[in-house]
file input25.cif (mmCIF, C-alpha atoms)
data_data
loop_
_atom_site.group_PDB
_atom_site.id
_atom_site.type_symbol
_atom_site.label_atom_id
_atom_site.label_comp_id
_atom_site.auth_asym_id
_atom_site.auth_seq_id
_atom_site.Cartn_x
_atom_site.Cartn_y
_atom_site.Cartn_z
ATOM 1 C CA MET A 104 97.089 12.930 100.400
ATOM 2 C CA ASP A 105 98.632 12.197 103.862
ATOM 3 C CA GLU A 106 96.490 11.372 106.843
ATOM 4 C CA GLY A 107 97.584 14.520 108.729
ATOM 5 C CA GLY A 108 95.705 16.853 106.410
ATOM 6 C CA PHE A 109 98.572 18.657 104.651
ATOM 7 C CA LEU A 110 99.304 19.376 101.042
ATOM 8 C CA GLU A 111 102.128 17.559 99.267
ATOM 9 C CA ILE A 112 103.609 19.027 96.086
ATOM 10 C CA ASN A 113 106.075 16.754 94.306
ATOM 11 C CA ASP A 114 109.148 18.361 92.818
ATOM 12 C CA ASP A 115 112.810 17.589 92.209
ATOM 13 C CA HIS A 116 115.738 18.624 94.396
ATOM 14 C CA ASN A 117 115.810 22.078 92.767
ATOM 15 C CA HIS A 118 112.100 22.575 93.553
ATOM 16 C CA ASN A 119 111.098 22.319 89.868
ATOM 17 C CA TYR A 120 107.599 20.881 89.458
ATOM 18 C CA CYS A 121 107.959 17.484 87.838
ATOM 19 C CA GLY A 122 104.635 17.575 85.967
ATOM 20 C CA ASP A 123 103.907 19.545 82.846
ATOM 21 C CA ARG A 124 103.478 23.265 83.489
ATOM 22 C CA GLU A 125 100.004 23.448 81.908
ATOM 23 C CA ASN A 126 98.459 20.871 84.200
ATOM 24 C CA TYR A 127 100.255 22.407 87.170
ATOM 25 C CA SER A 128 98.816 25.845 86.363
ATOM 26 C CA ASN A 129 95.351 24.382 85.873
ATOM 27 C CA SER A 130 95.523 22.507 89.164
ATOM 28 C CA ARG A 131 96.293 25.783 90.998
ATOM 29 C CA SER A 132 93.719 27.895 89.190
ATOM 30 C CA HIS A 133 90.770 26.540 91.197
ATOM 31 C CA LEU A 134 92.431 27.388 94.514
ATOM 32 C CA SER A 135 91.312 30.899 95.330
ATOM 33 C CA ARG A 136 92.939 33.078 97.970
ATOM 34 C CA ASP A 137 90.111 32.213 100.364
ATOM 35 C CA THR A 138 91.033 28.522 100.427
ATOM 36 C CA LEU A 139 94.831 28.644 100.571
ATOM 37 C CA CYS A 140 96.209 26.199 103.112
ATOM 38 C CA PHE A 141 99.031 27.538 105.317
ATOM 39 C CA PRO A 142 99.925 27.122 109.000
ATOM 40 C CA PRO A 143 99.173 29.909 111.475
ATOM 41 C CA VAL A 144 101.947 32.037 112.916
ATOM 42 C CA VAL A 145 101.933 32.112 116.697
ATOM 43 C CA GLY A 146 101.457 35.588 118.135
ATOM 44 C CA VAL A 147 100.356 37.169 114.839
ATOM 45 C CA PRO A 148 96.606 37.937 114.366
ATOM 46 C CA GLU A 149 94.823 36.414 111.418
ATOM 47 C CA PRO A 150 94.292 38.711 108.412
ATOM 48 C CA ALA A 151 90.684 39.627 107.736
ATOM 49 C CA GLY A 152 88.887 37.625 105.096
ATOM 50 C CA ILE A 153 91.150 34.581 105.259
ATOM 51 C CA VAL A 154 89.362 31.249 105.767
ATOM 52 C CA ARG A 155 91.606 28.295 106.612
ATOM 53 C CA LYS A 156 90.621 25.048 104.915
ATOM 54 C CA THR A 157 92.323 21.722 104.553
ATOM 55 C CA CYS A 158 93.529 21.423 100.978
ATOM 56 C CA SER A 159 93.106 18.084 99.293
ATOM 57 C CA LEU A 160 93.433 16.535 95.885
ATOM 58 C CA THR A 161 91.057 13.942 94.510
ATOM 59 C CA GLU A 162 92.272 10.393 94.275
ATOM 60 C CA SER A 163 92.450 10.547 90.478
ATOM 61 C CA GLU A 164 94.407 13.809 90.522
ATOM 62 C CA SER A 165 96.832 12.420 93.098
ATOM 63 C CA SER A 166 97.470 9.223 91.135
ATOM 64 C CA SER A 167 97.925 11.094 87.859
ATOM 65 C CA GLN A 168 100.425 13.493 89.371
ATOM 66 C CA SER A 169 102.314 10.586 90.945
ATOM 67 C CA SER A 170 102.539 8.725 87.651
ATOM 68 C CA LYS A 171 103.878 11.808 85.888
ATOM 69 C CA CYS A 172 106.568 12.249 88.491
ATOM 70 C CA ASP A 173 107.561 8.574 88.212
ATOM 71 C CA SER A 174 107.845 8.821 84.416
ATOM 72 C CA SER A 175 110.112 11.888 84.659
ATOM 73 C CA GLY A 176 112.561 10.050 86.942
ATOM 74 C CA ALA A 177 111.916 12.079 90.109
ATOM 75 C CA SER A 178 112.896 10.371 93.358
ATOM 76 C CA GLY A 179 110.256 9.544 95.958
ATOM 77 C CA SER A 180 112.390 10.696 98.901
ATOM 78 C CA SER A 181 111.220 13.324 101.365
ATOM 79 C CA ALA A 182 114.003 15.664 100.207
ATOM 80 C CA GLY A 183 111.983 16.327 97.065
ATOM 81 C CA ARG A 184 108.752 17.348 98.781
ATOM 82 C CA LEU A 185 107.430 20.646 99.972
ATOM 83 C CA ILE A 186 105.217 19.885 102.973
ATOM 84 C CA LEU A 187 103.008 22.459 104.633
ATOM 85 C CA ASN A 188 102.055 21.248 108.093
ATOM 86 C CA SER A 189 98.538 21.622 109.321
ATOM 87 C CA PRO A 190 97.766 24.015 112.206
ATOM 88 C CA SER A 191 97.249 21.114 114.626
ATOM 89 C CA LYS A 192 100.721 19.680 113.972
ATOM 90 C CA PHE A 193 102.342 23.096 114.115
ATOM 91 C CA LEU A 194 100.870 23.914 117.515
ATOM 92 C CA MET A 195 101.915 20.560 118.969
ATOM 93 C CA ASN A 196 105.545 21.809 119.055
ATOM 94 C CA ALA A 197 104.744 24.672 121.465
ATOM 95 C CA MET A 198 106.548 24.485 124.831
ATOM 96 C CA THR A 199 104.498 25.183 127.925
ATOM 97 C CA ALA A 200 105.891 26.762 131.081
ATOM 98 C CA GLU A 201 105.400 23.463 132.891
ATOM 99 C CA GLU A 202 107.391 21.624 130.234
ATOM 100 C CA TYR A 203 110.155 24.203 130.574
ATOM 101 C CA ARG A 204 110.253 23.702 134.362
ATOM 102 C CA THR A 205 110.206 19.921 134.314
ATOM 103 C CA THR A 206 112.192 19.058 131.168
ATOM 104 C CA TYR A 207 114.453 21.812 129.857
ATOM 105 C CA TRP A 208 115.586 23.842 132.881
ATOM 106 C CA PRO A 209 116.701 20.805 134.973
ATOM 107 C CA LYS A 210 119.073 19.771 132.182
ATOM 108 C CA LEU A 211 120.445 23.294 131.840
ATOM 109 C CA GLU A 212 120.798 23.631 135.623
ATOM 110 C CA ARG A 213 122.890 20.452 135.881
ATOM 111 C CA ALA A 214 125.173 21.606 133.079
ATOM 112 C CA ILE A 215 125.655 25.044 134.676
ATOM 113 C CA GLU A 216 126.452 23.397 138.023
ATOM 114 C CA HIS A 217 129.159 21.275 136.398
ATOM 115 C CA LEU A 218 130.696 24.301 134.695
ATOM 116 C CA LEU A 219 130.730 26.360 137.890
ATOM 117 C CA THR A 220 132.247 23.693 140.116
ATOM 118 C CA GLN A 221 134.840 22.038 137.893
ATOM 119 C CA SER A 222 138.428 23.105 138.493
ATOM 120 C CA PRO A 223 140.481 24.539 135.587
ATOM 121 C CA MET A 224 142.548 21.333 135.474
ATOM 122 C CA ASP A 225 139.535 18.971 135.321
ATOM 123 C CA HIS A 226 137.568 17.994 132.242
ATOM 124 C CA ILE A 227 133.892 17.096 132.440
ATOM 125 C CA SER A 228 132.173 15.769 129.346
ATOM 126 C CA ILE A 229 129.309 18.152 128.549
ATOM 127 C CA SER A 230 127.343 18.441 125.319
ATOM 128 C CA TYR A 231 127.585 22.145 124.530
ATOM 129 C CA GLU A 232 125.511 21.532 121.401
ATOM 130 C CA GLN A 233 122.653 20.175 123.522
ATOM 131 C CA ILE A 234 122.836 23.108 125.931
ATOM 132 C CA TYR A 235 122.750 25.600 123.043
ATOM 133 C CA SER A 236 119.839 23.702 121.469
ATOM 134 C CA HIS A 237 117.812 23.881 124.692
ATOM 135 C CA VAL A 238 118.555 27.593 125.098
ATOM 136 C CA TYR A 239 117.597 28.236 121.474
ATOM 137 C CA LYS A 240 114.279 26.431 121.837
ATOM 138 C CA CYS A 241 113.418 28.163 125.131
ATOM 139 C CA VAL A 242 114.047 31.571 123.576
ATOM 140 C CA CYS A 243 112.034 30.739 120.455
ATOM 141 C CA GLN A 244 109.130 29.544 122.607
ATOM 142 C CA GLN A 245 108.944 32.891 124.460
ATOM 143 C CA HIS A 246 110.558 31.681 127.719
ATOM 144 C CA SER A 247 113.518 34.092 127.625
ATOM 145 C CA GLU A 248 112.553 35.904 130.825
ATOM 146 C CA LEU A 249 112.128 32.658 132.740
ATOM 147 C CA LEU A 250 115.447 31.354 131.463
ATOM 148 C CA TYR A 251 117.319 34.560 132.315
ATOM 149 C CA ASN A 252 115.882 34.745 135.841
ATOM 150 C CA ASP A 253 116.678 31.088 136.491
ATOM 151 C CA LEU A 254 120.244 31.532 135.239
ATOM 152 C CA ILE A 255 120.831 34.553 137.482
ATOM 153 C CA TRP A 256 119.310 32.737 140.470
ATOM 154 C CA LYS A 257 121.467 29.649 139.912
ATOM 155 C CA ILE A 258 124.743 31.552 139.625
ATOM 156 C CA ALA A 259 123.903 33.889 142.517
ATOM 157 C CA SER A 260 123.204 30.879 144.748
ATOM 158 C CA HIS A 261 126.560 29.370 143.808
ATOM 159 C CA LEU A 262 128.407 32.617 144.523
ATOM 160 C CA GLN A 263 126.779 32.927 147.940
ATOM 161 C CA GLN A 264 128.183 29.510 148.779
ATOM 162 C CA VAL A 265 131.628 30.576 147.535
ATOM 163 C CA SER A 266 131.483 33.683 149.718
ATOM 164 C CA SER A 267 130.604 31.584 152.779
ATOM 165 C CA GLU A 268 133.588 29.328 152.153
ATOM 166 C CA LEU A 269 135.915 32.329 151.873
ATOM 167 C CA GLN A 270 134.562 33.693 155.134
ATOM 168 C CA GLY A 271 136.026 30.738 156.990
ATOM 169 C CA SER A 272 139.448 30.806 155.301
ATOM 170 C CA PRO A 273 142.494 31.668 157.473
ATOM 171 C CA PRO A 274 144.392 34.902 156.629
ATOM 172 C CA GLU A 275 147.520 33.102 155.390
ATOM 173 C CA SER A 276 145.575 31.306 152.658
ATOM 174 C CA PHE A 277 142.866 33.892 151.990
ATOM 175 C CA ILE A 278 144.571 35.444 148.943
ATOM 176 C CA GLU A 279 145.122 32.038 147.336
ATOM 177 C CA LYS A 280 141.526 30.974 147.999
ATOM 178 C CA PHE A 281 140.133 34.214 146.585
ATOM 179 C CA ASN A 282 142.318 33.889 143.488
ATOM 180 C CA MET A 283 141.134 30.293 142.985
ATOM 181 C CA ALA A 284 137.478 31.337 143.259
ATOM 182 C CA LEU A 285 137.917 34.215 140.806
ATOM 183 C CA THR A 286 139.883 32.089 138.310
ATOM 184 C CA GLN A 287 137.383 29.239 138.450
ATOM 185 C CA TYR A 288 134.440 31.591 137.950
ATOM 186 C CA THR A 289 135.944 33.441 134.973
ATOM 187 C CA ALA A 290 136.815 30.099 133.369
ATOM 188 C CA ALA A 291 133.213 28.948 133.798
ATOM 189 C CA LEU A 292 131.909 32.136 132.162
ATOM 190 C CA GLN A 293 134.001 31.396 129.090
ATOM 191 C CA CYS A 294 131.771 28.342 128.588
ATOM 192 C CA ILE A 295 128.442 29.648 129.914
ATOM 193 C CA VAL A 296 128.275 32.908 127.958
ATOM 194 C CA PRO A 297 128.787 31.345 124.481
ATOM 195 C CA VAL A 298 126.058 28.686 124.905
ATOM 196 C CA PHE A 299 123.607 31.361 126.105
ATOM 197 C CA ILE A 300 124.531 33.724 123.267
ATOM 198 C CA TYR A 301 121.110 33.371 121.606
ATOM 199 C CA MET A 302 119.353 34.554 124.774
ATOM 200 C CA ASN A 303 121.920 37.325 125.127
ATOM 201 C CA LYS A 304 121.363 38.579 121.587
ATOM 202 C CA PHE A 305 117.573 38.407 121.384
ATOM 203 C CA TYR A 306 116.582 39.150 124.985
ATOM 204 C CA ILE A 307 119.285 40.731 127.167
ATOM 205 C CA GLU A 308 120.743 43.066 124.539
ATOM 206 C CA THR A 309 117.474 43.978 122.829
ATOM 207 C CA LYS A 310 115.054 44.172 125.782
ATOM 208 C CA LEU A 311 117.276 44.811 128.810
ATOM 209 C CA ASN A 312 119.964 46.805 126.979
ATOM 210 C CA ARG A 313 122.689 44.930 128.848
ATOM 211 C CA ASP A 314 125.228 42.189 128.218
ATOM 212 C CA LEU A 315 125.190 38.729 129.781
ATOM 213 C CA LYS A 316 128.896 38.640 130.648
ATOM 214 C CA ASP A 317 128.707 42.043 132.342
ATOM 215 C CA ASP A 318 125.695 40.916 134.387
ATOM 216 C CA LEU A 319 127.461 37.740 135.517
ATOM 217 C CA MET A 320 130.656 39.601 136.473
ATOM 218 C CA GLN A 321 128.559 42.041 138.497
ATOM 219 C CA LEU A 322 127.133 39.052 140.356
ATOM 220 C CA PHE A 323 130.651 38.041 141.456
ATOM 221 C CA SER A 324 131.403 41.603 142.455
ATOM 222 C CA HIS A 325 128.206 41.893 144.508
ATOM 223 C CA HIS A 326 128.152 38.482 146.197
ATOM 224 C CA VAL A 327 131.900 37.847 146.681
ATOM 225 C CA ALA A 328 134.327 40.707 146.047
ATOM 226 C CA GLU A 329 132.421 43.512 147.791
ATOM 227 C CA LYS A 330 131.963 41.379 150.909
ATOM 228 C CA HIS A 331 135.675 40.555 151.240
ATOM 229 C CA VAL A 332 137.520 43.538 149.757
ATOM 230 C CA ASP A 333 138.052 45.105 153.192
ATOM 231 C CA THR A 334 139.817 41.927 154.281
ATOM 232 C CA LEU A 335 141.624 41.342 151.000
ATOM 233 C CA ILE A 336 143.267 44.748 150.485
ATOM 234 C CA PRO A 337 145.201 44.806 153.812
ATOM 235 C CA LEU A 338 146.388 41.246 153.180
ATOM 236 C CA LEU A 339 147.581 42.247 149.709
ATOM 237 C CA LYS A 340 149.467 45.229 151.115
ATOM 238 C CA LYS A 341 151.132 43.056 153.725
ATOM 239 C CA ALA A 342 152.078 40.406 151.179
ATOM 240 C CA ASP A 343 153.452 43.055 148.818
ATOM 241 C CA ALA A 344 155.749 44.390 151.557
ATOM 242 C CA VAL A 345 157.413 40.972 151.976
ATOM 243 C CA PRO A 346 158.906 39.707 148.678
ATOM 244 C CA PHE A 347 157.588 36.335 147.514
ATOM 245 C CA GLN A 348 155.319 35.799 150.495
ATOM 246 C CA VAL A 349 152.637 35.304 147.837
ATOM 247 C CA ARG A 350 153.504 34.206 144.323
ATOM 248 C CA PRO A 351 153.795 37.186 141.935
ATOM 249 C CA SER A 352 151.412 35.516 139.471
ATOM 250 C CA THR A 353 148.770 35.210 142.210
ATOM 251 C CA MET A 354 149.230 38.835 143.264
ATOM 252 C CA ALA A 355 148.908 40.007 139.663
ATOM 253 C CA SER A 356 145.797 37.870 139.064
ATOM 254 C CA VAL A 357 143.994 39.147 142.176
ATOM 255 C CA VAL A 358 144.899 42.815 141.679
ATOM 256 C CA LYS A 359 143.948 42.787 137.988
ATOM 257 C CA GLY A 360 140.736 40.926 138.797
ATOM 258 C CA LEU A 361 139.735 43.479 141.425
ATOM 259 C CA TYR A 362 140.485 46.327 139.030
ATOM 260 C CA ALA A 363 138.387 44.692 136.295
ATOM 261 C CA LEU A 364 135.451 44.353 138.695
ATOM 262 C CA ARG A 365 135.656 47.836 140.198
ATOM 263 C CA PRO A 366 138.316 50.275 138.903
ATOM 264 C CA ASP A 367 137.642 52.599 141.849
ATOM 265 C CA TRP A 368 139.108 49.988 144.213
ATOM 266 C CA ALA A 369 142.533 51.080 142.954
ATOM 267 C CA PHE A 370 142.240 54.191 145.156
ATOM 268 C CA LEU A 371 142.215 51.952 148.233
ATOM 269 C CA ALA A 372 145.866 51.009 147.556
ATOM 270 C CA PRO A 373 147.307 53.103 144.694
ATOM 271 C CA ALA A 374 150.897 51.960 145.255
ATOM 272 C CA LEU A 375 149.856 48.306 145.156
ATOM 273 C CA PHE A 376 147.663 48.607 142.066
ATOM 274 C CA SER A 377 150.269 50.689 140.205
ATOM 275 C CA ARG A 378 152.660 47.727 140.338
ATOM 276 C CA PHE A 379 150.317 45.707 138.105
ATOM 277 C CA ILE A 380 148.023 48.254 136.398
ATOM 278 C CA PRO A 381 149.519 51.027 134.235
ATOM 279 C CA GLN A 382 148.619 54.694 134.706
ATOM 280 C CA ILE A 383 147.198 54.292 138.208
ATOM 281 C CA GLN A 384 149.582 56.808 139.725
ATOM 282 C CA PRO A 385 149.698 60.399 138.436
ATOM 283 C CA PRO A 386 152.309 61.057 135.715
ATOM 284 C CA ALA A 387 155.906 61.651 136.776
ATOM 285 C CA LEU A 388 157.086 65.248 137.172
ATOM 286 C CA GLU A 389 160.569 66.522 136.475
ATOM 287 C CA SER A 390 160.618 68.382 139.783
ATOM 288 C CA GLN A 391 160.111 65.065 141.614
ATOM 289 C CA LEU A 392 163.140 63.270 140.070
ATOM 290 C CA PRO A 393 165.312 63.599 143.240
ATOM 291 C CA HIS A 394 162.454 62.123 145.260
ATOM 292 C CA TYR A 395 162.134 59.191 142.858
ATOM 293 C CA ALA A 396 165.891 58.562 143.050
ATOM 294 C CA ALA A 397 165.750 58.565 146.850
ATOM 295 C CA GLN A 398 162.935 56.034 146.802
ATOM 296 C CA ASP A 399 164.911 53.710 144.507
ATOM 297 C CA GLN A 400 167.998 53.997 146.699
ATOM 298 C CA LYS A 401 165.940 53.213 149.797
ATOM 299 C CA LEU A 402 164.498 50.149 148.097
ATOM 300 C CA GLN A 403 167.984 48.897 147.170
ATOM 301 C CA ILE A 404 169.148 49.272 150.780
ATOM 302 C CA GLU A 405 166.123 47.381 152.092
ATOM 303 C CA LEU A 406 166.692 44.554 149.628
ATOM 304 C CA SER A 407 170.357 44.277 150.550
ATOM 305 C CA LEU A 408 169.473 44.087 154.258
ATOM 306 C CA THR A 409 167.067 41.220 153.611
ATOM 307 C CA GLY A 410 169.751 39.141 151.864
ATOM 308 C CA PHE A 411 169.493 40.187 148.204
ATOM 309 C CA SER A 412 173.052 40.770 146.962
ATOM 310 C CA ARG A 413 173.868 43.317 144.288
ATOM 311 C CA GLY A 414 176.009 40.853 142.348
ATOM 312 C CA ASP A 415 179.476 41.464 140.975
ATOM 313 C CA GLN A 416 180.309 45.176 141.284
ATOM 314 C CA SER A 417 183.984 44.913 140.143
ATOM 315 C CA ARG A 418 183.296 46.225 136.633
ATOM 316 C CA LYS A 419 181.227 49.153 137.789
ATOM 317 C CA ARG A 420 182.597 52.592 136.914
ATOM 318 C CA ALA A 421 183.895 54.730 139.733
ATOM 319 C CA SER A 422 181.430 57.536 138.916
ATOM 320 C CA GLU A 423 178.508 55.155 139.637
ATOM 321 C CA GLU A 424 179.613 54.197 143.165
ATOM 322 C CA SER A 425 177.602 56.936 144.790
#
call {"tool": "encode", "arguments": {"input": "input25.cif", "output": "structure tokens"}}
result
Amino acid sequence: MDEGGFLEINDDHNHNYCGDRENYSNSRSHLSRDTLCFPPVVGVPEPAGIVRKTCSLTESESSSQSSKCDSSGASGSSAGRLILNSPSKFLMNAMTAEEYRTTYWPKLERAIEHLLTQSPMDHISISYEQIYSHVYKCVCQQHSELLYNDLIWKIASHLQQVSSELQGSPPESFIEKFNMALTQYTAALQCIVPVFIYMNKFYIETKLNRDLKDDLMQLFSHHVAEKHVDTLIPLLKKADAVPFQVRPSTMASVVKGLYALRPDWAFLAPALFSRFIPQIQPPALESQLPHYAAQDQKLQIELSLTGFSRGDQSRKRASEES
């Protein structure tokens, strides 16, 4: 018997008892249901009539069982043992709220900070396995609410700082800065959401009836986009009126990002959003075809006046000159 007060049952790697079955049955017959040794389950009340006792074998029984196992060729490694921990050892693994605050959350906070601040082109060595392991243990030890609140607080604090930096950006670089902030944040979520998936599955989805990614995107919408959309939309309209004042990829990224955050923002600039998002404008009507043709012709004239040539027109048919 071990010093920790737990029962050891020797078997092989397939969990087949290495002694003869008769002696094994006889050794179990004197253990009644009242004296079974098993660890308590945290949070579950004890069944009535169950008395926990430390199970032990006499020295002679232990030596005889050991000799039988040795004669049958069973290995003495720990892989061939079924160990039932005592209640004292089981409870030693419990995580207190103080331990969560001082040991686990600081490590998670540093990792989240790195993910939020690194640029898409940089690479910071982070152990995602360690982050997932800490999240898993915090959830299993009933600290899901603490972990969720701390995560929301950390990301909200970061987004408030991002919003303050955008506030001081000049108009000519505001669109680029906003696009960089949105791109960096969405890239960080692609790493943060997977490592917190255990908390998302067993706390946010089951108890809050929400999704972690949706909550974190709403944080960006609340702390950043909503505060600057009144400045951003007029700048986007102005940039859209002058070709290539802002890179088309940047325009598409910002407009699609705004639409993903709040689809109703498309009504603030339907013509702008319809250039990048399908089905924003109402469907075309046959009665409006002359109006559409006039708009296209006006656009061609404006482009030609700004220096965009129509190319070689020598092979164009005479009927298409008008």
call {"tool": "resolve_selection", "arguments": {"input": "input25.cif", "expression": "the PyMOL selection byres ((chain A and resi 240) around 12)", "output": "ChimeraX atom specification"}}
result
/A:196-199,202-203,207-208,233-239,241-247,250,299,301-302
call {"tool": "atom_distance", "arguments": {"input": "input25.cif", "atom1": "CA of Asp314 (chain A)", "atom2": "CA of Ile295 (chain A)"}}
result
13.1 Å
call {"tool": "closest_residue", "arguments": {"input": "input25.cif", "among": "A:Leu262, A:Val349, A:Ala291, A:Ile255", "to": "Leu218 (chain A)", "atoms": "all atoms listed in the file"}}
result
A:Ala291
call {"tool": "residues_around", "arguments": {"input": "input25.cif", "residues": "region 280-284 of chain A", "least_positions_apart": "3", "cutoff": "8 Å", "atoms": "all atoms listed in the file", "output": "JSON, numbers by chain"}}
result
{"A": [265, 269, 272, 276, 277, 287, 288, 353, 356, 357]}
call {"tool": "write_last_selection", "arguments": {"input": "input25.cif", "atoms": "C-alpha atoms", "output": "PDB file, keeping the file's coordinate frame"}}
result
ATOM      1  CA  VAL A 265     131.628  30.576 147.535  1.00  0.00           C
ATOM      2  CA  LEU A 269     135.915  32.329 151.873  1.00  0.00           C
ATOM      3  CA  SER A 272     139.448  30.806 155.301  1.00  0.00           C
ATOM      4  CA  SER A 276     145.575  31.306 152.658  1.00  0.00           C
ATOM      5  CA  PHE A 277     142.866  33.892 151.990  1.00  0.00           C
ATOM      6  CA  GLN A 287     137.383  29.239 138.450  1.00  0.00           C
ATOM      7  CA  TYR A 288     134.440  31.591 137.950  1.00  0.00           C
ATOM      8  CA  THR A 353     148.770  35.210 142.210  1.00  0.00           C
ATOM      9  CA  SER A 356     145.797  37.870 139.064  1.00  0.00           C
ATOM     10  CA  VAL A 357     143.994  39.147 142.176  1.00  0.00           C
TER      11      VAL A 357
END
call {"tool": "atom_distance", "arguments": {"input": "input25.cif", "atom1": "CA of Val298 (chain A)", "atom2": "CA of Leu211 (chain A)"}}
result
10.4 Å
call {"tool": "closest_residue", "arguments": {"input": "input25.cif", "among": "A:Arg350, A:Gln398, A:Val327, A:Ala290", "to": "Ser222 (chain A)", "atoms": "only C-alpha atoms"}}
result
A:Ala290
call {"tool": "resolve_selection", "arguments": {"input": "input25.cif", "expression": "the PyMOL selection byres ((chain A and resi 344) around 12)", "output": "MDAnalysis selection string"}}
result
chainID A and resid 337:343 345:349 354 374:375 402 405:406 409
call {"tool": "atom_distance", "arguments": {"input": "input25.cif", "atom1": "CA of Thr286 (chain A)", "atom2": "CA of Gly360 (chain A)"}}
result
8.9 Å
call {"tool": "resolve_selection", "arguments": {"input": "input25.cif", "expression": "the PyMOL selection byres ((chain A and resi 259) around 10)", "output": "list in words"}}
result
Asp253, Leu254, Ile255, Trp256, Lys257, Ile258, Ser260, His261, Leu262, Gln263, Gln264, Val265, Leu319, Leu322, Phe323, His325, His326 and Val327 of chain A
call {"tool": "residues_around", "arguments": {"input": "input25.cif", "residues": "Asn303 (chain A)", "least_positions_apart": "5", "cutoff": "10 Å", "atoms": "all atoms listed in the file", "output": "list in words"}}
result
Val242, Ser247, Tyr251, Val296, Pro297, Val298, Glu308, Thr309, Lys310, Leu311, Asn312, Arg313, Asp314, Leu315 and Lys316 of chain A
call {"tool": "closest_residue", "arguments": {"input": "input25.cif", "among": "A:Gln391, A:Ser324, A:Gln400, A:Gln384", "to": "Ala363 (chain A)", "atoms": "all atoms listed in the file"}}
result
A:Ser324
